[in-house]
file target_23.cif (mmCIF, C-alpha atoms and all ligand atoms)
data_my_file
#
loop_
_atom_site.label_atom_id
_atom_site.label_comp_id
_atom_site.auth_asym_id
_atom_site.auth_seq_id
_atom_site.Cartn_x
_atom_site.Cartn_y
_atom_site.Cartn_z
CA MET A 1 -6.65 29.49 11.95
CA GLY A 2 -4.32 27.46 9.73
CA ASN A 3 -4.76 23.77 9.07
CA LYS A 4 -3.07 21.40 11.40
CA TYR A 5 -1.72 19.05 8.74
CA THR A 6 0.31 19.78 5.62
CA VAL A 7 0.27 16.79 3.30
CA TYR A 8 3.12 16.38 0.81
CA LYS A 9 1.84 14.25 -2.06
CA SER A 10 1.65 13.58 -5.76
CA ASP A 11 -1.49 12.89 -7.77
CA ILE A 12 -0.03 9.76 -9.32
CA SER A 13 1.39 8.26 -6.15
CA TYR A 14 -0.03 5.00 -4.83
CA PHE A 15 0.29 5.84 -1.17
CA SER A 16 -0.63 9.52 -1.55
CA GLY A 17 -3.99 8.41 -2.98
CA LYS A 18 -4.53 6.08 -0.05
CA LEU A 19 -3.82 8.77 2.54
CA GLU A 20 -5.78 11.48 0.79
CA ALA A 21 -8.89 9.30 0.51
CA TYR A 22 -8.62 8.63 4.24
CA LEU A 23 -8.32 12.33 5.15
CA ARG A 24 -11.23 13.20 2.86
CA TYR A 25 -13.48 10.51 4.31
CA LYS A 26 -12.64 11.48 7.87
CA GLU A 27 -13.04 15.17 6.99
CA ILE A 28 -9.76 15.99 8.65
CA PRO A 29 -8.72 19.49 7.53
CA HIS A 30 -5.40 19.50 5.68
CA THR A 31 -3.39 21.49 3.17
CA LEU A 32 -1.98 19.77 0.11
CA VAL A 33 1.48 20.41 -1.32
CA ASP A 34 2.76 18.76 -4.51
CA CYS A 35 6.14 17.10 -4.29
CA ASP A 36 9.01 17.96 -6.60
CA SER A 37 12.59 16.77 -6.16
CA LYS A 38 13.42 19.62 -3.76
CA VAL A 39 10.43 18.83 -1.58
CA MET A 40 11.45 15.15 -1.58
CA GLN A 41 14.92 16.10 -0.31
CA MET A 42 13.32 18.29 2.35
CA ILE A 43 11.11 15.36 3.43
CA ALA A 44 14.18 13.11 3.62
CA GLY A 45 15.91 15.66 5.87
CA LYS A 46 12.91 15.80 8.19
CA THR A 47 11.87 12.14 8.30
CA GLY A 48 14.97 10.24 7.23
CA THR A 49 13.41 8.90 4.00
CA ALA A 50 12.65 10.47 0.61
CA LYS A 51 9.14 9.06 0.41
CA MET A 52 5.68 10.48 -0.02
CA PRO A 53 3.15 11.02 1.31
CA ALA A 54 4.40 12.73 4.43
CA ILE A 55 2.55 14.99 6.85
CA GLU A 56 4.03 17.99 8.59
CA MET A 57 2.22 19.15 11.70
CA ASP A 58 2.05 22.60 13.26
CA SER A 59 4.08 21.21 16.16
CA GLY A 60 7.01 20.69 13.75
CA GLN A 61 6.62 16.92 14.04
CA TRP A 62 6.09 14.65 11.06
CA LEU A 63 4.10 11.56 10.12
CA CYS A 64 5.16 9.10 7.45
CA ASP A 65 4.21 5.63 6.14
CA THR A 66 0.50 5.42 5.60
CA THR A 67 -0.29 2.37 7.75
CA PRO A 68 1.19 3.71 11.01
CA MET A 69 0.10 7.22 9.98
CA MET A 70 -3.55 6.20 9.77
CA GLN A 71 -3.31 4.37 13.10
CA TRP A 72 -1.88 7.49 14.68
CA LEU A 73 -4.56 9.70 13.10
CA GLU A 74 -7.30 7.32 14.27
CA GLU A 75 -6.26 7.97 17.87
CA LYS A 76 -6.71 11.71 17.34
CA HIS A 77 -9.81 11.48 15.14
CA PRO A 78 -11.56 8.30 16.27
CA ASN A 79 -15.03 8.81 14.75
CA PRO A 80 -16.10 7.01 12.70
CA PRO A 81 -13.47 4.29 13.08
CA ILE A 82 -11.86 2.64 10.06
CA TYR A 83 -10.99 -0.41 12.16
CA PRO A 84 -14.00 -2.61 13.04
CA GLN A 85 -14.69 -2.97 16.77
CA ASP A 86 -14.81 -6.76 16.47
CA PRO A 87 -11.12 -7.61 17.16
CA ALA A 88 -11.05 -10.51 14.67
CA LEU A 89 -12.54 -8.36 11.93
CA ARG A 90 -10.11 -5.59 12.82
CA PHE A 91 -7.33 -8.10 12.17
CA VAL A 92 -8.87 -8.98 8.78
CA ALA A 93 -9.02 -5.26 7.89
CA LEU A 94 -5.36 -4.76 8.80
CA LEU A 95 -4.32 -7.86 6.90
CA ILE A 96 -6.16 -6.75 3.77
CA GLU A 97 -4.74 -3.23 4.09
CA ASP A 98 -1.28 -4.72 4.19
CA TYR A 99 -1.96 -7.04 1.26
CA GLY A 100 -3.28 -4.11 -0.80
CA ASP A 101 -0.27 -1.96 0.07
CA GLU A 102 2.44 -4.50 -0.53
CA TRP A 103 1.16 -7.33 -2.74
CA LEU A 104 -0.64 -5.19 -5.33
CA TRP A 105 2.41 -2.94 -5.73
CA ARG A 106 4.05 -5.29 -8.23
CA PRO A 107 1.11 -5.63 -10.68
CA ALA A 108 0.53 -1.87 -10.31
CA MET A 109 4.14 -1.37 -11.40
CA TRP A 110 3.62 -3.82 -14.27
CA TRP A 111 0.60 -1.99 -15.70
CA ARG A 112 2.21 1.43 -15.31
CA TRP A 113 5.64 0.61 -16.65
CA VAL A 114 5.45 -2.33 -19.05
CA PRO A 115 2.90 -1.14 -21.68
CA LYS A 116 4.71 1.44 -23.80
CA THR A 117 1.91 4.03 -23.92
CA SER A 118 1.65 4.00 -20.16
CA ARG A 119 5.41 4.03 -19.64
CA THR A 120 5.91 7.04 -21.89
CA THR A 121 3.00 9.01 -20.46
CA LEU A 122 3.79 8.38 -16.81
CA GLY A 123 7.56 8.75 -17.21
CA ARG A 124 7.07 12.22 -18.69
CA ARG A 125 4.51 13.18 -16.12
CA ILE A 126 6.80 12.26 -13.23
CA ALA A 127 9.81 13.98 -14.82
CA ALA A 128 7.78 17.14 -15.44
CA SER A 129 6.44 17.30 -11.90
CA MET A 130 9.66 16.30 -10.16
CA VAL A 131 12.18 18.30 -12.21
CA SER A 132 10.92 20.48 -15.07
CA LYS A 133 8.44 20.43 -17.93
CA SER A 134 11.18 21.29 -20.39
CA LEU A 135 13.04 18.09 -19.50
CA ALA A 136 9.95 15.85 -19.53
CA ILE A 137 10.88 13.93 -22.69
CA PRO A 138 14.51 12.94 -22.02
CA LEU A 139 14.12 12.64 -18.27
CA GLY A 140 10.83 10.81 -18.66
CA ALA A 141 12.60 8.05 -20.54
CA TYR A 142 15.14 7.79 -17.72
CA VAL A 143 12.43 7.70 -15.04
CA ALA A 144 10.53 4.98 -16.91
CA ARG A 145 13.66 2.86 -17.24
CA ARG A 146 14.51 3.29 -13.56
CA GLN A 147 11.02 2.21 -12.49
CA LEU A 148 10.93 -0.75 -14.88
CA ASN A 149 14.26 -2.01 -13.63
CA GLU A 150 13.89 -1.23 -9.99
CA TRP A 151 10.38 -2.57 -9.49
CA LEU A 152 10.14 -5.30 -12.09
CA TRP A 153 13.18 -6.67 -13.92
CA LYS A 154 15.49 -6.37 -10.90
CA ASP A 155 12.83 -7.48 -8.48
CA GLY A 156 11.89 -11.01 -9.45
CA VAL A 157 9.91 -10.35 -12.64
CA ASP A 158 11.20 -11.98 -15.83
CA SER A 159 9.92 -13.43 -19.07
CA ASN A 160 8.65 -16.53 -17.24
CA ASN A 161 6.30 -14.74 -14.86
CA SER A 162 5.71 -11.34 -16.48
CA LEU A 163 2.26 -12.31 -17.78
CA ASP A 164 1.33 -13.82 -14.43
CA VAL A 165 2.15 -10.48 -12.81
CA ARG A 166 0.00 -8.75 -15.44
CA ASP A 167 -2.85 -11.16 -14.65
CA MET A 168 -2.74 -10.38 -10.93
CA PHE A 169 -4.87 -7.35 -11.85
CA PHE A 170 -7.51 -9.53 -13.55
CA ARG A 171 -7.60 -11.84 -10.53
CA GLU A 172 -8.29 -8.82 -8.29
CA LEU A 173 -11.14 -7.62 -10.50
CA GLU A 174 -12.66 -11.12 -10.50
CA PHE A 175 -12.63 -11.01 -6.70
CA LEU A 176 -13.77 -7.40 -6.27
CA GLU A 177 -16.63 -7.37 -8.76
CA PRO A 178 -19.14 -9.60 -6.94
CA LEU A 179 -18.13 -8.13 -3.58
CA LEU A 180 -18.62 -4.52 -4.66
CA GLN A 181 -21.81 -5.34 -6.46
CA ASP A 182 -23.13 -6.67 -3.16
CA GLN A 183 -21.99 -3.97 -0.78
CA GLN A 184 -20.82 -0.37 -0.79
CA PHE A 185 -17.43 -0.91 0.82
CA MET A 186 -15.24 -3.94 1.29
CA LEU A 187 -16.26 -4.78 4.84
CA GLY A 188 -19.74 -3.34 4.85
CA SER A 189 -21.52 0.00 4.97
CA HIS A 190 -18.48 2.24 5.56
CA PRO A 191 -14.87 2.44 4.38
CA SER A 192 -12.41 0.46 6.51
CA ALA A 193 -8.64 0.06 6.51
CA ALA A 194 -9.20 -2.72 3.94
CA ASP A 195 -10.70 -0.25 1.43
CA PHE A 196 -7.88 2.24 1.96
CA GLY A 197 -5.30 -0.50 1.47
CA TYR A 198 -6.86 -1.45 -1.87
CA PHE A 199 -7.40 2.15 -2.88
CA GLY A 200 -3.70 3.00 -3.38
CA SER A 201 -3.17 0.67 -6.30
CA MET A 202 -6.72 0.84 -7.65
CA PHE A 203 -7.11 4.63 -7.73
CA ARG A 204 -3.70 6.06 -8.54
CA HIS A 205 -2.49 3.19 -10.73
CA PHE A 206 -5.03 0.75 -12.19
CA GLY A 207 -7.85 3.29 -12.38
CA ASN A 208 -5.60 6.07 -13.61
CA ASP A 209 -2.98 4.70 -16.00
CA PRO A 210 -4.02 4.69 -19.66
CA ILE A 211 -4.16 0.95 -20.39
CA SER A 212 -5.26 -0.44 -17.04
CA ALA A 213 -7.97 2.23 -16.61
CA GLU A 214 -9.64 1.05 -19.82
CA VAL A 215 -9.37 -2.56 -18.65
CA MET A 216 -11.02 -1.59 -15.38
CA ARG A 217 -13.87 0.26 -17.09
CA ARG A 218 -14.59 -2.82 -19.21
CA GLU A 219 -13.87 -5.67 -16.80
CA GLY A 220 -14.47 -4.03 -13.44
CA PRO A 221 -17.35 -1.52 -13.55
CA ASN A 222 -18.27 -2.13 -9.91
CA THR A 223 -14.68 -1.53 -8.92
CA TYR A 224 -14.60 1.62 -11.03
CA GLU A 225 -17.73 2.86 -9.32
CA TRP A 226 -16.27 2.03 -5.88
CA LEU A 227 -13.22 4.19 -6.71
CA ALA A 228 -15.45 7.22 -7.18
CA ARG A 229 -17.49 6.28 -4.11
CA MET A 230 -14.33 6.08 -2.02
CA TRP A 231 -12.95 9.34 -3.38
CA ASN A 232 -16.19 11.14 -2.64
CA ALA A 233 -16.93 9.43 0.69
CA ARG A 234 -17.51 11.84 3.58
CA HIS A 235 -18.36 10.33 6.92
CA SER A 236 -20.90 13.06 7.69
CA LYS A 237 -22.92 12.02 4.62
CA LEU A 238 -23.11 8.36 5.67
CA ASN A 239 -25.33 6.70 8.21
CA GLN A 240 -24.09 7.09 11.77
CA SER A 241 -24.31 3.39 12.54
CA ILE A 242 -21.85 1.10 10.81
CA ASP A 243 -22.71 -2.40 9.60
CA TRP A 244 -19.54 -4.44 9.33
CA VAL A 245 -19.77 -7.80 7.55
CA TRP A 246 -17.68 -10.89 8.37
CA PRO A 247 -15.99 -11.98 5.08
CA GLU A 248 -17.48 -15.43 4.74
CA ALA A 249 -19.51 -15.05 1.53
CA ASP A 250 -18.30 -17.31 -1.28
CA TYR A 251 -16.83 -14.48 -3.29
CA TRP A 252 -14.20 -13.90 -0.58
CA LYS A 253 -12.60 -17.28 -1.28
CA PRO A 254 -10.13 -16.13 -4.01
CA LEU A 255 -8.74 -13.31 -1.88
CA LEU A 256 -8.52 -15.42 1.28
CA GLN A 257 -6.69 -18.01 -0.78
CA ARG A 258 -4.20 -15.56 -2.20
CA ILE A 259 -3.49 -14.21 1.26
CA ALA A 260 -3.11 -17.70 2.73
CA LYS A 261 -1.14 -19.27 -0.09
CA ASP A 262 0.80 -16.38 -1.59
CA TYR A 263 0.97 -13.26 0.54
CA LEU A 264 1.59 -14.75 4.00
CA PRO A 265 4.17 -17.22 2.57
CA TYR A 266 5.82 -14.25 0.83
CA LEU A 267 6.00 -12.31 4.11
CA HIS A 268 7.44 -15.39 5.81
CA GLN A 269 10.07 -16.06 3.12
CA ASN A 270 11.03 -12.37 3.04
CA ALA A 271 11.47 -12.33 6.82
CA LEU A 272 13.51 -15.52 6.75
CA ALA A 273 15.81 -14.11 4.06
CA PHE A 274 16.16 -10.93 6.14
CA SER A 275 17.15 -12.95 9.22
CA GLN A 276 19.78 -14.76 7.13
CA GLY A 277 21.21 -11.46 5.89
CA LYS A 278 20.23 -12.16 2.26
CA LYS A 279 19.70 -9.11 0.08
CA ARG A 280 17.62 -11.18 -2.36
CA PHE A 281 15.75 -14.44 -2.23
CA ASP A 282 13.71 -16.77 -4.42
CA TYR A 283 10.07 -16.43 -3.49
CA ARG A 284 7.93 -19.46 -4.24
CA GLY A 285 4.21 -19.30 -3.57
CA ASP A 286 1.16 -21.18 -4.70
CA SER A 287 0.44 -19.31 -7.92
CA LEU A 288 3.60 -17.27 -8.47
CA ALA A 289 7.37 -17.33 -8.09
CA PHE A 290 9.71 -14.32 -7.97
CA ILE A 291 13.26 -15.46 -8.45
CA GLY A 292 15.85 -13.08 -7.00
CA THR A 293 13.31 -10.69 -5.49
CA VAL A 294 14.66 -7.98 -3.17
CA THR A 295 14.43 -8.59 0.60
CA THR A 296 12.68 -5.63 2.25
CA ASP A 297 13.00 -4.80 5.93
CA TYR A 298 9.75 -2.83 5.82
CA ARG A 299 7.79 -5.97 4.99
CA VAL A 300 9.52 -7.82 7.85
CA TRP A 301 8.09 -5.11 10.05
CA CYS A 302 4.65 -5.48 8.43
CA ARG A 303 4.68 -9.18 9.33
CA GLN A 304 5.78 -8.43 12.86
CA GLU A 305 2.89 -5.99 13.24
CA LEU A 306 0.38 -8.57 12.03
CA GLN A 307 1.84 -11.15 14.41
CA ARG A 308 1.58 -8.63 17.23
CA GLU A 309 -2.06 -7.92 16.40
CA PHE A 310 -2.84 -11.65 16.23
CA SER A 311 -1.14 -12.40 19.54
CA GLN A 312 -3.27 -9.76 21.25
CA LEU A 313 -6.51 -11.51 20.26
CA ASN A 314 -8.24 -13.84 22.68
CA THR A 315 -8.35 -17.55 21.87
CA GLU A 316 -11.89 -17.40 20.55
CA ASP A 317 -11.08 -14.62 18.06
CA GLN A 318 -7.92 -16.41 16.99
CA GLN A 319 -10.00 -19.52 16.34
CA ARG A 320 -12.54 -17.55 14.31
CA LEU A 321 -9.70 -16.35 12.09
CA GLU A 322 -8.16 -19.81 11.81
CA GLN A 323 -11.60 -21.14 10.79
CA LEU A 324 -12.13 -18.38 8.26
CA PHE A 325 -8.84 -19.15 6.56
CA THR A 326 -8.76 -22.94 6.90
CA PRO A 327 -10.72 -23.68 3.68
CA ALA A 328 -8.43 -21.18 1.89
CA GLY A 329 -5.20 -22.88 3.01
CA GLY A 330 -4.81 -21.62 6.59
CA ILE A 331 -2.64 -18.91 8.10
CA SER A 332 0.17 -21.06 9.43
CA SER A 333 2.76 -19.04 7.45
CA LEU A 334 1.96 -16.05 9.64
CA HIS A 335 3.32 -18.02 12.60
CA GLN A 336 6.05 -20.04 10.87
CA ASP A 337 9.52 -19.53 12.44
CA GLY A 338 7.94 -17.23 15.04
CA VAL A 339 8.61 -13.52 15.27
CA ILE A 340 11.52 -12.35 13.15
CA ASP A 341 12.53 -8.92 14.38
CA SER A 342 12.90 -6.20 11.74
CA GLY A 343 14.59 -3.89 14.23
CA LEU A 344 12.34 -1.12 12.89
CA ASP A 345 9.94 -0.62 15.81
CA GLN A 346 11.69 2.55 16.87
CA HIS A 347 11.82 3.82 13.29
CA PHE A 348 8.05 3.58 12.89
CA GLN A 349 7.27 5.26 16.18
CA LEU A 350 5.15 8.30 15.31
CA PRO A 351 5.31 11.26 15.32
CA VAL A 352 8.81 11.79 13.95
CA ASP A 353 10.81 14.56 15.52
CA PRO A 354 13.11 16.04 12.83
CA GLN A 355 15.66 16.90 15.56
CA SER A 356 16.26 13.20 16.01
CA ILE A 357 16.87 12.58 12.29
CA ASN A 358 20.39 12.46 11.02
CA HIS A 359 19.91 12.00 7.29
CA THR A 360 22.97 12.13 5.07
CA PRO A 361 21.92 10.78 1.67
CA THR A 362 24.51 8.92 -0.38
CA LEU A 363 25.42 10.42 -3.76
CA ALA A 364 23.40 7.65 -5.45
CA GLN A 365 20.37 8.54 -3.33
CA LYS A 366 20.75 12.21 -4.18
CA LEU A 367 20.97 11.47 -7.89
CA PHE A 368 18.57 8.60 -8.30
CA GLY A 369 16.19 8.90 -5.34
CA GLN A 370 15.46 6.27 -2.77
CA PRO A 371 13.39 3.57 -4.38
CA ARG A 372 11.97 1.18 -1.73
CA ASN A 373 8.47 1.34 -0.40
N1 LIG B 1 5.22 2.40 3.10
C1 LIG B 1 5.09 3.73 2.57
C2 LIG B 1 5.45 3.74 1.10
C3 LIG B 1 5.56 5.11 0.49
C4 LIG B 1 6.10 5.02 -0.92
O1 LIG B 1 6.62 4.00 -1.36
N2 LIG B 1 5.96 6.11 -1.67
C5 LIG B 1 6.46 6.16 -3.04
C6 LIG B 1 5.45 6.85 -3.92
S1 LIG B 1 3.92 6.00 -3.94
C7 LIG B 1 7.71 7.00 -3.07
O2 LIG B 1 7.75 8.06 -2.49
N3 LIG B 1 8.76 6.51 -3.73
C8 LIG B 1 10.00 7.23 -3.87
C9 LIG B 1 10.91 6.62 -4.91
O3 LIG B 1 10.54 5.65 -5.58
O4 LIG B 1 12.01 7.15 -5.03
C10 LIG B 1 3.69 4.28 2.84
O5 LIG B 1 2.81 3.51 3.23
O6 LIG B 1 3.49 5.49 2.73
#
call {"tool": "encode", "arguments": {"input": "target_23.cif", "output": "structure tokens"}}
result
Amino acid sequence: MGNKYTVYKSDISYFSGKLEAYLRYKEIPHTLVDCDSKVMQMIAGKTGTAKMPAIEMDSGQWLCDTTPMMQWLEEKHPNPPIYPQDPALRFVALLIEDYGDEWLWRPAMWWRWVPKTSRTTLGRRIAASMVSKSLAIPLGAYVARRQLNEWLWKDGVDSNNSLDVRDMFFRELEFLEPLLQDQQFMLGSHPSAADFGYFGSMFRHFGNDPISAEVMRREGPNTYEWLARMWNARHSKLNQSIDWVWPEADYWKPLLQRIAKDYLPYLHQNALAFSQGKKRFDYRGDSLAFIGTVTTDYRVWCRQELQREFSQLNTEDQQRLEQLFTPAGGISSLHQDGVIDSGLDQHFQLPVDPQSINHTPTLAQKLFGQPRN
């Protein structure tokens, strides 16, 4: 009998690493297919977007975008759950997953594309896998330039904040080290959505790319060990009963603060810019500013999802969350200006039926891809 899921991925892709670790942990049978540019076009035709990872199912339906994908898969393969049963802790897990996915993207791009050794290596590797080995050198230079511009220089990173973006990685290691020295996984004895959210950047970027991997080995040995633990985690090898831990230990403070004072304000400012029809906006947070950063509809949807989750909690659980975050600056930015609709609810309804997709890529998309996560 064939496998039920065909996973289109790349071994240097942030979100492919996240999804693959999830499937491995849950021991969900799947077949892996490496993406090249033809496969990417095929995915775009089936799902509407040239993005990986994507899953094709025997039914002919597709799954895309790792956060909704994992929620969908959890319904089909519920044991063991990656979302804690405690509704307030489930919210924390989802919030951290989102933070890992979206907030760590920028420093991951910095460490891959700014240091020259990394830029050259990764540019060639992508060009070779996407197009052809014989074109790796010239095309690699083009790929590197595209990534540098698209994700950094044209997205709010400049000479004023470039080193702050670099240092976001160090701040993460400072937070993760005591936590991962203390426990096996971020929220306790088993991997949760929070671990998978962090895994994308940590495994396929920071722990993989030539310069940042060395930094991690030196400055973040517990994090380095956790990467291997996550990659090799199989639920059948772990204890049946799960011990989840409420994130109140002192070492959580830096992350809770960044979420309260940087990430949630970013989501709010992005959503506000979206509602005003602005293609770019000046993000100003507690420790960072991104002037002229690109407004993304996907992150408006992420915020809407978090608001939806929060609104479904009972008053007591909402209060527990408010109390957890109060010393870190509070979560009022999650609620500020209410729900701003991304209009993407329908788009993220899974599974995707390719019959319903009418994808006609522009010439620019055909030539240069579709860079937006
Ligand atoms: N929100 C999506 C993001 C997927 C994504 O951004 N994938 C990147 C690779 S890690 C991609 O395919 N980018 C295509 C491009 O840059 O053209 C998810 O969670 O899967």
call {"tool": "residues_near_ligand", "arguments": {"input": "target_23.cif", "ligand": "ligand LIG 1 (chain B)", "cutoff": "9 Å", "atoms": "all atoms listed in the file", "output": "PDB file with C-alpha atoms, in the frame of the given file"}}
result
ATOM      1  CA  LYS A   9       1.840  14.250  -2.060  1.00  0.00           C
ATOM      2  CA  SER A  10       1.650  13.580  -5.760  1.00  0.00           C
ATOM      3  CA  ILE A  12      -0.030   9.760  -9.320  1.00  0.00           C
ATOM      4  CA  SER A  13       1.390   8.260  -6.150  1.00  0.00           C
ATOM      5  CA  TYR A  14      -0.030   5.000  -4.830  1.00  0.00           C
ATOM      6  CA  PHE A  15       0.290   5.840  -1.170  1.00  0.00           C
ATOM      7  CA  SER A  16      -0.630   9.520  -1.550  1.00  0.00           C
ATOM      8  CA  GLY A  17      -3.990   8.410  -2.980  1.00  0.00           C
ATOM      9  CA  LYS A  18      -4.530   6.080  -0.050  1.00  0.00           C
ATOM     10  CA  LEU A  19      -3.820   8.770   2.540  1.00  0.00           C
ATOM     11  CA  MET A  40      11.450  15.150  -1.580  1.00  0.00           C
ATOM     12  CA  THR A  49      13.410   8.900   4.000  1.00  0.00           C
ATOM     13  CA  ALA A  50      12.650  10.470   0.610  1.00  0.00           C
ATOM     14  CA  LYS A  51       9.140   9.060   0.410  1.00  0.00           C
ATOM     15  CA  MET A  52       5.680  10.480  -0.020  1.00  0.00           C
ATOM     16  CA  PRO A  53       3.150  11.020   1.310  1.00  0.00           C
ATOM     17  CA  ALA A  54       4.400  12.730   4.430  1.00  0.00           C
ATOM     18  CA  CYS A  64       5.160   9.100   7.450  1.00  0.00           C
ATOM     19  CA  ASP A  65       4.210   5.630   6.140  1.00  0.00           C
ATOM     20  CA  THR A  66       0.500   5.420   5.600  1.00  0.00           C
ATOM     21  CA  THR A  67      -0.290   2.370   7.750  1.00  0.00           C
ATOM     22  CA  PRO A  68       1.190   3.710  11.010  1.00  0.00           C
ATOM     23  CA  MET A  69       0.100   7.220   9.980  1.00  0.00           C
ATOM     24  CA  ASP A 101      -0.270  -1.960   0.070  1.00  0.00           C
ATOM     25  CA  GLU A 102       2.440  -4.500  -0.530  1.00  0.00           C
ATOM     26  CA  GLN A 147      11.020   2.210 -12.490  1.00  0.00           C
ATOM     27  CA  GLU A 150      13.890  -1.230  -9.990  1.00  0.00           C
ATOM     28  CA  GLY A 200      -3.700   3.000  -3.380  1.00  0.00           C
ATOM     29  CA  ARG A 204      -3.700   6.060  -8.540  1.00  0.00           C
ATOM     30  CA  TYR A 298       9.750  -2.830   5.820  1.00  0.00           C
ATOM     31  CA  ARG A 299       7.790  -5.970   4.990  1.00  0.00           C
ATOM     32  CA  GLN A 365      20.370   8.540  -3.330  1.00  0.00           C
ATOM     33  CA  PHE A 368      18.570   8.600  -8.300  1.00  0.00           C
ATOM     34  CA  GLY A 369      16.190   8.900  -5.340  1.00  0.00           C
ATOM     35  CA  GLN A 370      15.460   6.270  -2.770  1.00  0.00           C
ATOM     36  CA  PRO A 371      13.390   3.570  -4.380  1.00  0.00           C
ATOM     37  CA  ARG A 372      11.970   1.180  -1.730  1.00  0.00           C
ATOM     38  CA  ASN A 373       8.470   1.340  -0.400  1.00  0.00           C
TER      39      ASN A 373
END
call {"tool": "residues_near_point", "arguments": {"input": "target_23.cif", "point": "(-12.6, 1.4, 2.5)", "cutoff": "10 Å", "atoms": "all atoms listed in the file", "output": "count of residues only"}}
result
30
call {"tool": "closest_residue", "arguments": {"input": "target_23.cif", "among": "A:Leu73, A:Ile242, A:Asp282, A:Ile331", "to": "A:Gln85", "atoms": "all atoms listed in the file"}}
result
A:Ile242
call {"tool": "residues_around", "arguments": {"input": "target_23.cif", "residues": "stretch 313-319 of chain A", "least_positions_apart": "2", "cutoff": "9 Å", "atoms": "all atoms listed in the file", "output": "ChimeraX atom specification"}}
result
/A:86-89,91,309-311,321-324
call {"tool": "closest_residue", "arguments": {"input": "target_23.cif", "among": "A:Val165, A:Leu104, A:Ala249, A:Leu238", "to": "A:Met202", "atoms": "all atoms listed in the file"}}
result
A:Leu104
call {"tool": "axis_aligned_box", "arguments": {"input": "target_23.cif", "around": "stretch 84-87 of chain A", "padding_each_side": "6 Å", "output": "AutoDock Vina command-line options"}}
result
--center_x -13.0 --center_y -5.1 --center_z 15.1 --size_x 15.7 --size_y 17.0 --size_z 16.1
call {"tool": "residues_near_point", "arguments": {"input": "target_23.cif", "point": "(7.3, -14.7, 7.9)", "cutoff": "8 Å", "atoms": "only C-alpha atoms", "output": "PyMOL selection string"}}
result
chain A and resi 264-272+300+303+333-340
call {"tool": "closest_residue", "arguments": {"input": "target_23.cif", "among": "A:Pro115, A:Gly100, A:Ser129, A:Ala144", "to": "A:Arg258", "atoms": "all atoms listed in the file"}}
result
A:Gly100
call {"tool": "closest_residue", "arguments": {"input": "target_23.cif", "among": "A:Leu350, A:Ile357, A:Leu306, A:Leu344", "to": "A:Ile43", "atoms": "only C-alpha atoms"}}
result
A:Ile357
call {"tool": "closest_residue", "arguments": {"input": "target_23.cif", "among": "A:Gly156, A:Gln181, A:Asp262, A:Glu248", "to": "A:Glu225", "atoms": "all atoms listed in the file"}}
result
A:Gln181
call {"tool": "atom_distance", "arguments": {"input": "target_23.cif", "atom1": "atom CA of A:Ile55", "atom2": "atom CA of A:Leu94"}}
result
21.4 Å
call {"tool": "atom_distance", "arguments": {"input": "target_23.cif", "atom1": "atom CA of A:Leu256", "atom2": "atom CA of A:Ala328"}}
result
5.8 Å
call {"tool": "atom_distance", "arguments": {"input": "target_23.cif", "atom1": "atom CA of A:Asp341", "atom2": "atom CA of A:Ser356"}}
result
22.5 Å
call {"tool": "closest_residue", "arguments": {"input": "target_23.cif", "among": "A:Val39, A:Thr6, A:Gln61, A:Pro138", "to": "A:Gln349", "atoms": "only C-alpha atoms"}}
result
A:Gln61
call {"tool": "decode", "arguments": {"input": "target_23.cif", "residues": "stretch 107-120 of chain A", "atoms": "C-alpha atoms", "output": "PDB file, in the first residue's frame"}}
result
ATOM      1  CA  PRO A 107      17.501  36.914  11.680  1.00  0.00           C
ATOM      2  CA  ALA A 108      17.544  33.530   9.908  1.00  0.00           C
ATOM      3  CA  MET A 109      17.708  35.445   6.619  1.00  0.00           C
ATOM      4  CA  TRP A 110      20.440  37.677   8.050  1.00  0.00           C
ATOM      5  CA  TRP A 111      22.713  34.782   9.047  1.00  0.00           C
ATOM      6  CA  ARG A 112      22.152  32.928   5.781  1.00  0.00           C
ATOM      7  CA  TRP A 113      22.520  35.834   3.397  1.00  0.00           C
ATOM      8  CA  VAL A 114      24.690  38.549   4.943  1.00  0.00           C
ATOM      9  CA  PRO A 115      27.955  36.680   5.774  1.00  0.00           C
ATOM     10  CA  LYS A 116      29.713  36.124   2.449  1.00  0.00           C
ATOM     11  CA  THR A 117      30.709  32.485   3.024  1.00  0.00           C
ATOM     12  CA  SER A 118      27.153  31.579   3.861  1.00  0.00           C
ATOM     13  CA  ARG A 119      25.690  33.619   1.010  1.00  0.00           C
ATOM     14  CA  THR A 120      27.940  31.994  -1.587  1.00  0.00           C
TER      15      THR A 120
END
